[in-house]
Each structure stands twice: as C-alpha cells, then as structure tokens.
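Notes follow the structure.
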Amino acid sequence: MLMDYRGRGPGWCLVSAPGTGHWWKEGLVINFFSSSEKKFGDLVDQVEKTKRQYDIIDNNLDDIREEVDQYLAWLKEKEDLLTRETPRGYSVKEAEAKLAKNNDLRKELEEKRANLENVKQKSDSLIQDLSRVERNMVERWIAKLTTESQKVMDIVDSQNNALAEQAGEKALFQESLDKVNLWLQDKELEVQKLQGVRLASGDVEKQVDKCKTLQSEVNAYQPHLENLRKMVEPLLLDCSPELAAELKHMISEVEDRNEGLLSALKQEQGHLKDHAAARKLFETDVQKVDRWCKETEISCSTEPNLECAIQVLAEQNKHYKNLQNTSQLFASLVKEVEDRGAIFLPEIYDADKVKLEGTLKSTREKYNRVAALIKERADNTETALQSRSQVHDSVTEATDWLNNIQDQIKQLQGTPVGPTTEDANSLLEKYEVYYRKLTFIKHHFYHASSLGDI
C-alpha cells in the first residue's frame, strides 16, 4: 500500500493500492496505521515466541534422539558382548565369575531403565507440541528402546539361568573329581602298607585277603569313574582347546591312577602269595630243625656205655654215625633257613625283624648244640671201638696162635723120645721153644688186660 500526502492539501492523504486509490483524512490514516503497527508488532512477537518454542522443541528432540542413540548403542554393545561365543571353561570359579559379571550387567540395565523413564517423560512433555509425523517418530524411538532394553535383559536372565545350572554342574564335577582323587589316594596308601610284608605266613595270608578285598573295592568303584567321564563330555563343549586339553589331562591322570592301582593290587597279590608260600616253607623247615633237635637231644641224653661188649659198642657207634649223617643233612637245611631269613629281613616290619633274628639265632644255636653233642658221642664211641677192636684183633691172633701151639704140643706129646741123649735134648729144646712162645702170649694178654680192654 502506498500512502501519498501530496495533492489535496493539508489534512488529506491518498491511500492507494496497486490500480486503486482513495483519499482519506490524515487522522484516520494515522490511527489506522498505528493500530496496524501494533498488531504487526504483536504478530511479530508471537512469531518469535513460536519460533523460540520450536527451537526448544527441536533442541529437546535432538537431546532425546541423542539419548536414544547412546542408549541403543550401549545396548547393542552389551548384546554383542553377551552373545559372543566365548568358552567358559570347566572351573566353578570361572562360571561364578561370569555369573557375577552378568548380575552386574543386570543391575546396570535396571539402572539404565531410569534413563529410559526420563526419555519417556521428556517425550511425553513434547508429544502435544509435536506434529503427527514427529510424534510417531518419537513413539517409534521409545518403543525400539524399550524393546531392545527388554531383549538384552532377557538375554542376561537366560544366560544367568544357564550359568547357574552350569555352575552347579561344574561344582558337582569338581566335587566328584575331588572325591575320586581322595578315594584313590586312600587306596594307594593302603596298597603301600601291604608292601611291608609280615613274617608269619598266617599274617601274610591275611595281607593277601586284604589285597583281594581292596581289589574288589576298586572294581566296585569303577561306575563312579564312568560317571565322572560322562560328566566331562558336556564340559568339554564349553572349553577352549587349551582348557579342553587341560580337562582331558586331569581325567587321564585319574584313569592312569586307577589303572595303576588295579595293576599294583594284582602284582601285590601275586607277590604276597609268593611270600606266603615262602613263609610256610620257612616255618616248616624251622619246625623240622626244632623237632629234630629235640628228638636228637632226647636220644643223646644218656651217656653211651663204653664198658660193654664190642658188638654193643659197635651198635652205639653206628647209631651216632647215622645221627652225624642226618646232622649234615640238617646243616644244609639250617643254612637254607638262614639264607631265606636273610632274604626276608629287608622287606618285613621292624618288629618282625627282631623276631626273625631271634628265630634264626635260636635255630642255629640249637643245631650247633645238638651237632656238637652228636659229634662228641660219635667220637667217644669211635675211639673206644677202635681201641677195643685192636685188642680184639690181638686176642684173636693170640688165641689162634695158642691153639696152633696146643696142636703142635699135642703132636709133640705123641712123639716118642729117642734112645739117645741127643734125641731127648732135641725134644726138650722143642718144648722150650713152645714155652717161650707161651710166655710171650701170656705177656701180651697181661698187657691187654692192664689196658682194661678184656
């Protein structure tokens, strides 16, 4: 609109629009323009106010969008972390650590939900001032944020349930593994005790029975080991190659200990059976020596009669000679007893060592005492028999000689004396020869008699 005050004189003005024009009183025009300027100012103020409001709304929308984007990015990061395939191993501590970390994340999610409520409140305060398009956009933001937050929360809860179950399984496995190792250790100690062999065969047989009992117990325990192997299979699926190898090594050690225990029991059982047989033989031999010593001492308890007929003396000497021959056999038996006892000494208990040493010493002393007694009796009868035999031979020889002389004298007595003195002297000389012979025999008998042999 163009206002022109020229052409009508004072107090008038021309108000015109494109193609038109009217003349108005100046006062009216001024009033009109004053009112229009006021309205225009009010309109400008209102526009500026509205603009400021929209600026605020835009800023708030930007803030909300930034918060939503940050929250979604954080949720995405946690979701990726939760869904990432990471071996959790077989350790209870590792499962508990993972469960604790998830619980911390859950608490953080719950705390983040307070931020979600703040975003919702901000959007609610803006909804009425937003256009439908903006309103729908904000509502989609909030819905997506709520959905993603709940999704991550569900993942955490699902994993926590699984982790709690796995922690229980791993704890059960660790408890079972510890029990198996303690059980194996206990049985290994019992086997070690069996390696100290007792001295008495009856005690060794008890050790054999104990070994058989342990073998039965180990065989009966095999289902526990099989259960342990089954428990390992699912744990291996949740392990890295390194942890899986470590877990397999642990189970392999248990299986090796179990096989070693069964092998040791089988070997020890055979070992103990051999010892029991050796102990029985040792005890039998000791009893043989002891019984022979007692019987021989009884048979030698009476001094041999040396003042008896030579036949009786010979019988006595024969008896003691037989005992000497038997003594030599028992000398070998005593040596075997001592050698076997020397083998036993390093492997038996200290208390049994004292007993064994006492048995060996007693056996040797008994045998030496009896062997010495036999030798003494045999030597005495042998000396007496030799002396008596010499006298007997001499007497026999002298008797034969005397009988021969008697026969010769009888023949001489039947010889007639010749007529001459020479014949008489010759016959006398013959008698003198026989006299000298008889005197010699008399002296020999006297000497033997003085020795007490006849």
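Numbering starts fresh at 1 for the residues of each chain in the structure tokens, the chains themselves are lettered A, B, ... in the order given, and ligands are numbered from 1 as they appear.
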
| task | For Gln413 in chain A, list every protein, DNA or RNA residue within 12 Å, evaluated using only C-alpha atoms, and leave out those in the same chain fewer than 5 positions away; present the list as an MDAnalysis selection string. | result | chainID A and resid 405:408 427:428 430:431

Kindly export the residues of the current selection with N, CA, C and O atoms, as a tab-separated table (two decimals), in the first residue's frame.
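For reference, again19.tsv as written:
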chain	number	residue	atom	x	y	z
A	405	ILE	N	99.75	-173.65	68.76
A	405	ILE	CA	100.80	-174.20	69.62
A	405	ILE	C	100.29	-175.43	70.36
A	405	ILE	O	101.00	-176.45	70.51
A	406	GLN	N	99.06	-175.36	70.82
A	406	GLN	CA	98.48	-176.52	71.50
A	406	GLN	C	98.45	-177.72	70.57
A	406	GLN	O	98.74	-178.86	70.99
A	407	ASP	N	98.07	-177.46	69.34
A	407	ASP	CA	98.04	-178.58	68.38
A	407	ASP	C	99.44	-179.13	68.16
A	407	ASP	O	99.65	-180.37	68.09
A	408	GLN	N	100.40	-178.21	68.09
A	408	GLN	CA	101.79	-178.66	67.89
A	408	GLN	C	102.29	-179.44	69.11
A	408	GLN	O	103.02	-180.43	68.98
A	427	LEU	N	114.07	-183.02	71.78
A	427	LEU	CA	112.66	-182.90	72.19
A	427	LEU	C	112.51	-181.81	73.24
A	427	LEU	O	111.54	-181.01	73.22
A	428	LEU	N	113.51	-181.72	74.17
A	428	LEU	CA	113.45	-180.70	75.23
A	428	LEU	C	113.54	-179.30	74.62
A	428	LEU	O	112.84	-178.35	75.07
A	430	LYS	N	112.51	-178.36	71.79
A	430	LYS	CA	111.21	-178.04	71.17
A	430	LYS	C	110.22	-177.54	72.22
A	430	LYS	O	109.49	-176.56	72.01
A	431	TYR	N	110.23	-178.24	73.37
A	431	TYR	CA	109.32	-177.78	74.44
A	431	TYR	C	109.70	-176.39	74.94
A	431	TYR	O	108.84	-175.58	75.29

Would you write out, as a Markdown table, a table of all residues in range 189-272 of chain A that have an atom no more than 10 Å from an atom of range 350-355 of chain A, listing for each the closest atom pair and the distance in Å to one decimal, considering only C-alpha atoms and ordering rows by chain and rising residue number?
| residue | atom | partner | partner_atom | distance |
| --- | --- | --- | --- | --- |
| A:Gly196 | CA | A:Asp350 | CA | 9.6 |
| A:Val197 | CA | A:Asp352 | CA | 9.3 |
| A:Arg198 | CA | A:Asp352 | CA | 6.8 |
| A:Leu199 | CA | A:Asp352 | CA | 5.9 |
| A:Ala200 | CA | A:Asp352 | CA | 8.5 |

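Each of A:Thr83, A:Gln70, A:Gln287, A:Thr399 was checked against Leu145 in chain A using only C-alpha atoms; the smallest atom-to-atom distance is that of A:Gln70.
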